[in-house]
2 protein chains.
Amino acid sequence: MSALSEFSLIKQYFENITTERSDVILGIGDDCALLKCPEGQQLAVSIDTLVEGVHFLPDVDPVSLGHKSLAVGLSDLAAMGATPAWFTLALTLPELDQQWLAAFSKGLACLAKLHNIALVGGDTSRGPLSISIQVHGFVNAGDSLRRDGAKKGDLIYVTGSLGDAAGALAMKQGKLTKGVASEVEVNFLCQRLEQPTPRVEVGQMLVGFASAAIDISDGLVADLGHILHKSAVGAELDIEDLPISTALSALSTEAEHMALFAGDNYELCFTVPPKHKNQVQKKLKGQCQCTRIGTITGDDGIVFFKDKKLIKLSGFGYEHFSTGH
Amino acid sequence: MSALSEFSLIKQYFENITTERSDVILGIGDDCALLKCPEGQQLAVSIDTLVEGVHFLPDVDPVSLGHKSLAVGLSDLAAMGATPAWFTLALTLPELDQQWLAAFSKGLACLAKLHNIALVGGDTSRGPLSISIQVHGFVNAGDSLRRDGAKKGDLIYVTGSLGDAAGALAMKQGKLTKGVASEVEVNFLCQRLEQPTPRVEVGQMLVGFASAAIDISDGLVADLGHILHKSAVGAELDIEDLPISTALSALSTEAEHMALFAGDNYELCFTVPPKHKNQVQKKLKGQCQCTRIGTITGDDGIVFFKDKKLIKLSGFGYEHFSTGH
């Protein structure tokens with residue numbers, strides 16, 4: 001098959017992803033897409049790549065992979081409080097596998113429709129399997145959530161539960177048996193790894209109320225660390241308040257460690273000034289679970305409390321604080 | 001080295017690429033970049049991937065690779081008549097090679113500065129070497145060059161010379177000796193392959209005058225074919241008018257074939273209504289060479305003339321037209 005007819009074949013799987021949007025002046029099929037940005041709004045953009053064997057296992061279900069490829073970008077929009085609008089897809093494929101393409105594009109299309117985000121352009125190459133997606137969204141000028149606004153005394157929250165994806169991955173890689181986790185719990189964890197839910201609506205609701213936000217893609221400690229660094233503040237975290245799913249607790253005795261350090265979460269971590277606490281709790285009622293896990297301090301770095309005792313983290317674990325150190 | 005400190009190291013090479021632009025509200029370093037689109041303008045976007053062993057040879061000079069990775073996208077903006085503004089970079093690297101990163105980012109930065117395009121976001125992954133770049137530019141609403149506006153009687157032009165990159169690639173792959181080409185000519189061809197010049201200014205000058213435009217990344221016949229298909233017209237091409245460099249003629253007896261079919265050109269092919277012919281010629285004087293190569297017709301497909309005789313193309317070559325077929 002010539003490169004051109006192969007290209008047409010690939011194209012057909014993605015043509016139906018284009019949700020109708022009046023701000024798409026020219027979609028797929030020219031040298032560039034032409035798009036109309038609404039007046040008074042800023043454009044939020046983020047690009048992410050998923051590489052086979054690095055970000056996902058070779059035997060991953062392609063429907064899930066299509067979902068996750070877009071979810072990762074939507075989670076970045078969520079962390080800015082942005083409304084999704086358009087995305088582009090650069091897909092590198094080792095071979096033309098129509099069954100794979102149908103499944104991948106289905107996963108992508110379902111999540112795209114849910115968030116009214118239109119595929120406006122792309123590029124297909126031959127090579128080791130890899131997916132780059134750029135997402136575009138809007139925020140009212142000056143209204144976005146950023147990393148640099150946390151202040152001493154602000155309350156620290158996270159959405160959903162932490163560490164589930166890491167648990168599922170360890171199990172899939174044979175590094176963990178399923179422990180006392182039931183089939184339902186195992187499925188829940190796998191779903192959290194393979195089809196994460198970007199917290200787009202929560203992000204939008206936090207605009208005007210949260211002082212800072214980030215999505216937890218690198219792990220809570222690393223990502224909260226970005227907020228602290230950009231805001232020039234510190235934090236106290238209460239280990240026993242970490243939202244850990246019963247499924248993860250059933251799977252592993254390392255659940256707390258995963259909740260603190262493991263990435264691939266796609267939950268939001270955000271800070272709220274005490275004066276907005278009640279409004280935020282009211283707004284988020286009926287949305288996903290949001291848990292207060294600590295407080296912003298004026299000092300550098302993160303200190304951890306467990307059972308009201310200060311503990312010290314060492315490497316990727318933690319130990320009780322000793323004055324001898 | 002931990003993944004995080006490795007990431008910081010990679011980041012430093014790209015921090016200096018951010019040309020100062022007042023429309024970048026928030027650049028690299030948050031979940032999304034925040035950008036301000038000018039009122040009354042449309043946003044033109046395009047994403048392209050270059051994969052090692054597919055789009056470039058493993059031993060390519062990294063400075064050239066940095067240049068070309070951005071040039072490919074700028075060429076898409078050129079084909080729309082857009083003014084470059086911002087780009088994002090998704091870079092997948094097999095290893096941390098600081099010398100390579102310094103050279104790659106240098107090539108990227110030089111071309112970025114030349115076109116006042118700012119790096120606003122990115123993602124770095126470990127994996128087989130691959131570069132995805134999305135470019136963003138502006139066009140006045142309704143003023144872009146598109147593929148669908150060519151009309152019967154319009155004149156067909158191309159910028160620069162055709163087939164040079166294919167000649168250089170064949171030589172580098174050992175499929176061609178350098179023929180009677182001099183060292184200077186060989187260097188010219190390699191430059192055309194590795195550091196193509198995106199025709200950004202030409203594209204902008206054509207706005208309001210050209211009826212259709214495309215960049216020649218897949219080869220003249222294929223890309224002109226896209227204009228014909230989208231505009232529902234045909235074309236007559238004069239083979240002897242194809243702009244072929246003396247370097248390519250010296251290298252190969254297959255120069256015409258390369259000029260017609262070989263991709264990786266990044267020249268523009270555009271159509272001009274006869275009434276705009278003089279204005280376009282005047283505007284482009286002192287810019288790069290632009291050559292008229294044929295005329296848009298009302299029929300389907302492309303017919304080729306050589307020495308005023310109709311010839312028929314067969315496969316990837318061509319032969320004199322025979323009424324027997």
# chains A, B, ... in the order shown; residues from 1 in each chain; ligands from 1
>>> select_by_dssp(residues="region 142-323 of chain B", states="strand (DSSP E or B)", output="PyMOL selection string")
chain B and resi 155-159+212-215+234-238+268-272+290-297+302-306+309-314+317-320
>>> residues_around(residues="Glu194 (chain B)", least_positions_apart="4", cutoff="12 Å", atoms="only C-alpha atoms", output="VMD selection string")
chain B and resid 55 to 57 59 to 72 107 164 to 169 172 187 to 190 264 to 266
>>> closest_residue(among="A:Leu242, A:Leu91, A:Leu260, A:Ala85", to="chain B", atoms="only C-alpha atoms")
A:Leu91
>>> closest_residue(among="B:Gly142, B:Gly179, B:Gly160, B:Gly149", to="Leu248 (chain B)", atoms="only C-alpha atoms")
B:Gly179
>>> atom_distance(atom1="CA of Ile133 (chain B)", atom2="CA of His136 (chain A)")
14.7 Å
>>> residues_around(residues="Leu237 (chain A)", least_positions_apart="5", cutoff="12 Å", atoms="only C-alpha atoms", output="number ranges by chain")
A: 155-158, 220-221, 224-225, 242, 260, 291-297, 301-313
>>> write_last_selection(atoms="N, CA, C and O atoms", output="compact mmCIF listing (two decimals), in the first residue's frame")
# COMPACT_ATOMS: atom_id res chain seq x y z
N LEU A 155 -5.43 26.41 53.07
CA LEU A 155 -5.68 24.99 53.30
C LEU A 155 -5.32 24.22 52.03
O LEU A 155 -5.57 24.69 50.91
N ILE A 156 -4.75 23.04 52.19
CA ILE A 156 -4.33 22.21 51.04
C ILE A 156 -5.33 21.07 50.85
O ILE A 156 -5.63 20.34 51.79
N TYR A 157 -5.81 20.94 49.64
CA TYR A 157 -6.77 19.89 49.29
C TYR A 157 -6.26 19.03 48.13
O TYR A 157 -5.45 19.50 47.33
N VAL A 158 -6.76 17.83 48.04
CA VAL A 158 -6.59 17.03 46.82
C VAL A 158 -7.95 16.43 46.43
O VAL A 158 -8.79 16.18 47.29
N LEU A 220 2.27 13.48 44.65
CA LEU A 220 1.84 14.58 45.52
C LEU A 220 3.01 15.42 46.03
O LEU A 220 2.99 16.65 45.94
N VAL A 221 4.03 14.76 46.58
CA VAL A 221 5.14 15.51 47.19
C VAL A 221 5.86 16.35 46.12
O VAL A 221 6.14 17.53 46.34
N LEU A 224 3.10 19.13 44.81
CA LEU A 224 2.88 20.16 45.84
C LEU A 224 4.17 20.98 45.97
O LEU A 224 4.13 22.21 46.13
N GLY A 225 5.31 20.30 45.86
CA GLY A 225 6.61 20.98 45.90
C GLY A 225 6.71 22.09 44.86
O GLY A 225 7.28 23.15 45.11
N LEU A 242 -4.50 11.60 54.16
CA LEU A 242 -4.36 11.33 52.72
C LEU A 242 -5.52 10.47 52.24
O LEU A 242 -5.83 9.44 52.86
N LEU A 260 1.84 9.37 48.57
CA LEU A 260 2.72 10.54 48.70
C LEU A 260 3.61 10.73 47.48
O LEU A 260 3.86 11.86 47.06
N THR A 291 -10.42 16.31 49.62
CA THR A 291 -9.97 16.06 50.99
C THR A 291 -8.93 17.08 51.40
O THR A 291 -7.96 17.32 50.66
N ARG A 292 -9.12 17.66 52.57
CA ARG A 292 -8.10 18.55 53.09
C ARG A 292 -6.97 17.69 53.66
O ARG A 292 -7.21 16.80 54.46
N ILE A 293 -5.75 17.96 53.25
CA ILE A 293 -4.61 17.13 53.69
C ILE A 293 -3.56 17.94 54.45
O ILE A 293 -2.59 17.36 54.92
N GLY A 294 -3.72 19.24 54.54
CA GLY A 294 -2.70 20.00 55.26
C GLY A 294 -2.89 21.49 55.14
O GLY A 294 -3.94 21.97 54.71
N THR A 295 -1.82 22.23 55.50
CA THR A 295 -1.87 23.69 55.57
C THR A 295 -0.57 24.28 55.00
O THR A 295 0.51 23.70 55.20
N ILE A 296 -0.69 25.40 54.33
CA ILE A 296 0.50 26.11 53.85
C ILE A 296 1.14 26.85 55.03
O ILE A 296 0.44 27.46 55.84
N THR A 297 2.47 26.77 55.10
CA THR A 297 3.22 27.45 56.17
C THR A 297 4.17 28.48 55.56
O THR A 297 4.35 28.53 54.34
N GLY A 301 9.84 24.02 52.41
CA GLY A 301 9.71 22.57 52.38
C GLY A 301 8.42 22.04 53.01
O GLY A 301 7.54 22.80 53.41
N ILE A 302 8.35 20.72 53.07
CA ILE A 302 7.15 20.05 53.58
C ILE A 302 7.50 19.34 54.89
O ILE A 302 8.50 18.63 54.94
N VAL A 303 6.69 19.52 55.91
CA VAL A 303 6.83 18.67 57.09
C VAL A 303 5.58 17.80 57.20
O VAL A 303 4.50 18.20 56.78
N PHE A 304 5.80 16.59 57.73
CA PHE A 304 4.74 15.59 57.73
C PHE A 304 4.37 15.24 59.16
O PHE A 304 5.24 15.09 60.02
N PHE A 305 3.07 15.11 59.39
CA PHE A 305 2.59 14.69 60.70
C PHE A 305 1.85 13.37 60.56
O PHE A 305 1.14 13.15 59.57
N LYS A 306 2.05 12.51 61.56
CA LYS A 306 1.27 11.27 61.61
C LYS A 306 0.92 11.05 63.07
O LYS A 306 1.81 11.13 63.93
N ASP A 307 -0.36 10.82 63.35
CA ASP A 307 -0.83 10.69 64.73
C ASP A 307 -0.34 11.90 65.54
O ASP A 307 0.19 11.74 66.64
N LYS A 308 -0.44 13.05 64.94
CA LYS A 308 -0.07 14.33 65.54
C LYS A 308 1.43 14.45 65.85
O LYS A 308 1.88 15.39 66.52
N LYS A 309 2.23 13.47 65.42
CA LYS A 309 3.68 13.56 65.65
C LYS A 309 4.38 13.96 64.36
O LYS A 309 4.04 13.49 63.28
N LEU A 310 5.38 14.80 64.51
CA LEU A 310 6.20 15.20 63.37
C LEU A 310 7.02 14.00 62.93
O LEU A 310 7.66 13.34 63.75
N ILE A 311 7.00 13.67 61.65
CA ILE A 311 7.85 12.58 61.17
C ILE A 311 8.75 13.12 60.08
O ILE A 311 8.48 14.16 59.47
N LYS A 312 9.82 12.40 59.85
CA LYS A 312 10.78 12.86 58.85
C LYS A 312 10.74 11.90 57.68
O LYS A 312 10.73 10.68 57.85
N LEU A 313 10.72 12.44 56.49
CA LEU A 313 10.76 11.59 55.31
C LEU A 313 12.20 11.34 54.94
O LEU A 313 13.02 12.24 54.95
>>> closest_residue(among="B:Gln12, B:Trp100, B:Gly122, B:Leu26", to="chain A", atoms="only C-alpha atoms")
B:Gly122
>>> closest_atom_pairs(of="chain B", to="chain A", cutoff="8 Å", atoms="only C-alpha atoms", output="CSV")
residue,atom,partner,partner_atom,distance
B:Asp30,CA,A:Arg147,CA,6.5
B:Asp31,CA,A:Asp76,CA,5.1
B:Cys32,CA,A:Ser46,CA,4.9
B:Ala33,CA,A:Val45,CA,5.4
B:Leu34,CA,A:Ala44,CA,4.6
B:Leu35,CA,A:Leu43,CA,4.9
B:Lys36,CA,A:Gln42,CA,5.1
B:Cys37,CA,A:Cys37,CA,6.5
B:Glu39,CA,A:Glu39,CA,6.5
B:Gln41,CA,A:Lys36,CA,7.5
B:Gln42,CA,A:Lys36,CA,5.1
B:Leu43,CA,A:Leu35,CA,4.9
B:Ala44,CA,A:Leu34,CA,4.6
B:Val45,CA,A:Cys32,CA,5.1
B:Ser46,CA,A:Cys32,CA,4.9
B:Ile47,CA,A:Gly122,CA,5.9
B:Asp48,CA,A:Asp123,CA,5.6
B:Thr49,CA,A:Ala90,CA,6.5
B:Leu50,CA,A:Ser125,CA,7.9
B:Val51,CA,A:Gly127,CA,6.6
B:Val54,CA,A:Arg126,CA,7.0
B:Asp76,CA,A:Asp31,CA,5.1
B:Leu77,CA,A:Cys32,CA,6.7
B:Ala79,CA,A:Asp31,CA,6.5
B:Met80,CA,A:Asp31,CA,6.8
B:Thr88,CA,A:Ile47,CA,6.9
B:Leu89,CA,A:Ile47,CA,7.5
B:Ala90,CA,A:Thr49,CA,6.5
B:Gly121,CA,A:Ser46,CA,6.5
B:Gly122,CA,A:Ile47,CA,5.9
B:Asp123,CA,A:Asp48,CA,5.6
B:Thr124,CA,A:Thr49,CA,7.8
B:Ser125,CA,A:Thr49,CA,7.0
B:Arg126,CA,A:Val54,CA,7.0
B:Gly127,CA,A:Val51,CA,6.6
B:Pro128,CA,A:Pro128,CA,7.0
B:Ser132,CA,A:Ala90,CA,7.1
B:Gln134,CA,A:Gln134,CA,7.9
B:Arg146,CA,A:Asp30,CA,6.9
B:Arg147,CA,A:Asp30,CA,6.5
B:Ile214,CA,A:Asp31,CA,6.6
B:Asp215,CA,A:Asp31,CA,7.4
>>> residues_around(residues="Cys288 (chain B)", least_positions_apart="5", cutoff="10 Å", atoms="only C-alpha atoms", output="list in words")
Thr159, Gly160, Ser161, Arg199, Glu201 and Val202 of chain B
>>> residues_around(residues="Lys283 (chain B)", least_positions_apart="2", cutoff="12 Å", atoms="only C-alpha atoms", output="ChimeraX atom specification")
/B:201-210,276-281,285-290
>>> write_last_selection(atoms="N, CA and C atoms", output="PDB file, in the first residue's frame")
ATOM      1  N   GLU B 201       7.934  34.754   4.848  1.00  0.00           N
ATOM      2  CA  GLU B 201       7.674  36.107   4.326  1.00  0.00           C
ATOM      3  C   GLU B 201       6.910  36.023   3.002  1.00  0.00           C
ATOM      4  N   VAL B 202       7.281  35.084   2.151  1.00  0.00           N
ATOM      5  CA  VAL B 202       6.580  34.923   0.867  1.00  0.00           C
ATOM      6  C   VAL B 202       5.103  34.620   1.120  1.00  0.00           C
ATOM      7  N   GLY B 203       4.844  33.702   2.036  1.00  0.00           N
ATOM      8  CA  GLY B 203       3.459  33.355   2.368  1.00  0.00           C
ATOM      9  C   GLY B 203       2.668  34.590   2.800  1.00  0.00           C
ATOM     10  N   GLN B 204       3.269  35.390   3.662  1.00  0.00           N
ATOM     11  CA  GLN B 204       2.576  36.598   4.148  1.00  0.00           C
ATOM     12  C   GLN B 204       2.305  37.571   3.001  1.00  0.00           C
ATOM     13  N   MET B 205       3.270  37.703   2.065  1.00  0.00           N
ATOM     14  CA  MET B 205       3.113  38.626   0.933  1.00  0.00           C
ATOM     15  C   MET B 205       2.017  38.183  -0.025  1.00  0.00           C
ATOM     16  N   LEU B 206       1.758  36.872  -0.045  1.00  0.00           N
ATOM     17  CA  LEU B 206       0.780  36.342  -1.004  1.00  0.00           C
ATOM     18  C   LEU B 206      -0.668  36.532  -0.538  1.00  0.00           C
ATOM     19  N   VAL B 207      -0.838  36.863   0.737  1.00  0.00           N
ATOM     20  CA  VAL B 207      -2.200  37.034   1.269  1.00  0.00           C
ATOM     21  C   VAL B 207      -2.917  38.140   0.485  1.00  0.00           C
ATOM     22  N   GLY B 208      -4.080  37.828  -0.024  1.00  0.00           N
ATOM     23  CA  GLY B 208      -4.841  38.798  -0.817  1.00  0.00           C
ATOM     24  C   GLY B 208      -4.576  38.684  -2.309  1.00  0.00           C
ATOM     25  N   PHE B 209      -3.538  37.935  -2.690  1.00  0.00           N
ATOM     26  CA  PHE B 209      -3.178  37.813  -4.113  1.00  0.00           C
ATOM     27  C   PHE B 209      -3.240  36.373  -4.610  1.00  0.00           C
ATOM     28  N   ALA B 210      -2.732  35.426  -3.807  1.00  0.00           N
ATOM     29  CA  ALA B 210      -2.775  34.022  -4.235  1.00  0.00           C
ATOM     30  C   ALA B 210      -4.174  33.469  -3.966  1.00  0.00           C
ATOM     31  N   HIS B 276      -3.745  39.295 -10.887  1.00  0.00           N
ATOM     32  CA  HIS B 276      -2.787  39.631  -9.828  1.00  0.00           C
ATOM     33  C   HIS B 276      -1.345  39.317 -10.217  1.00  0.00           C
ATOM     34  N   LYS B 277      -1.164  38.815 -11.448  1.00  0.00           N
ATOM     35  CA  LYS B 277       0.162  38.337 -11.852  1.00  0.00           C
ATOM     36  C   LYS B 277       1.247  39.402 -11.656  1.00  0.00           C
ATOM     37  N   ASN B 278       1.002  40.604 -12.187  1.00  0.00           N
ATOM     38  CA  ASN B 278       2.031  41.650 -12.124  1.00  0.00           C
ATOM     39  C   ASN B 278       2.319  42.082 -10.687  1.00  0.00           C
ATOM     40  N   GLN B 279       1.256  42.215  -9.897  1.00  0.00           N
ATOM     41  CA  GLN B 279       1.446  42.626  -8.500  1.00  0.00           C
ATOM     42  C   GLN B 279       2.271  41.596  -7.723  1.00  0.00           C
ATOM     43  N   VAL B 280       1.959  40.319  -7.965  1.00  0.00           N
ATOM     44  CA  VAL B 280       2.678  39.258  -7.255  1.00  0.00           C
ATOM     45  C   VAL B 280       4.148  39.273  -7.662  1.00  0.00           C
ATOM     46  N   GLN B 281       4.402  39.407  -8.975  1.00  0.00           N
ATOM     47  CA  GLN B 281       5.797  39.424  -9.435  1.00  0.00           C
ATOM     48  C   GLN B 281       6.553  40.600  -8.823  1.00  0.00           C
ATOM     49  N   LYS B 285       9.700  40.306  -5.967  1.00  0.00           N
ATOM     50  CA  LYS B 285      11.023  40.703  -6.480  1.00  0.00           C
ATOM     51  C   LYS B 285      11.957  40.931  -5.288  1.00  0.00           C
ATOM     52  N   GLY B 286      13.118  40.360  -5.334  1.00  0.00           N
ATOM     53  CA  GLY B 286      14.066  40.531  -4.235  1.00  0.00           C
ATOM     54  C   GLY B 286      13.847  39.508  -3.130  1.00  0.00           C
ATOM     55  N   GLN B 287      12.712  38.822  -3.146  1.00  0.00           N
ATOM     56  CA  GLN B 287      12.496  37.680  -2.255  1.00  0.00           C
ATOM     57  C   GLN B 287      13.119  36.463  -2.936  1.00  0.00           C
ATOM     58  N   CYS B 288      12.763  35.291  -2.478  1.00  0.00           N
ATOM     59  CA  CYS B 288      13.314  34.103  -3.111  1.00  0.00           C
ATOM     60  C   CYS B 288      12.746  33.950  -4.515  1.00  0.00           C
ATOM     61  N   GLN B 289      13.450  33.155  -5.314  1.00  0.00           N
ATOM     62  CA  GLN B 289      13.024  32.844  -6.680  1.00  0.00           C
ATOM     63  C   GLN B 289      11.611  32.245  -6.675  1.00  0.00           C
ATOM     64  N   CYS B 290      10.752  32.741  -7.571  1.00  0.00           N
ATOM     65  CA  CYS B 290       9.428  32.140  -7.757  1.00  0.00           C
ATOM     66  C   CYS B 290       9.272  31.841  -9.241  1.00  0.00           C
TER      67      CYS B 290
END
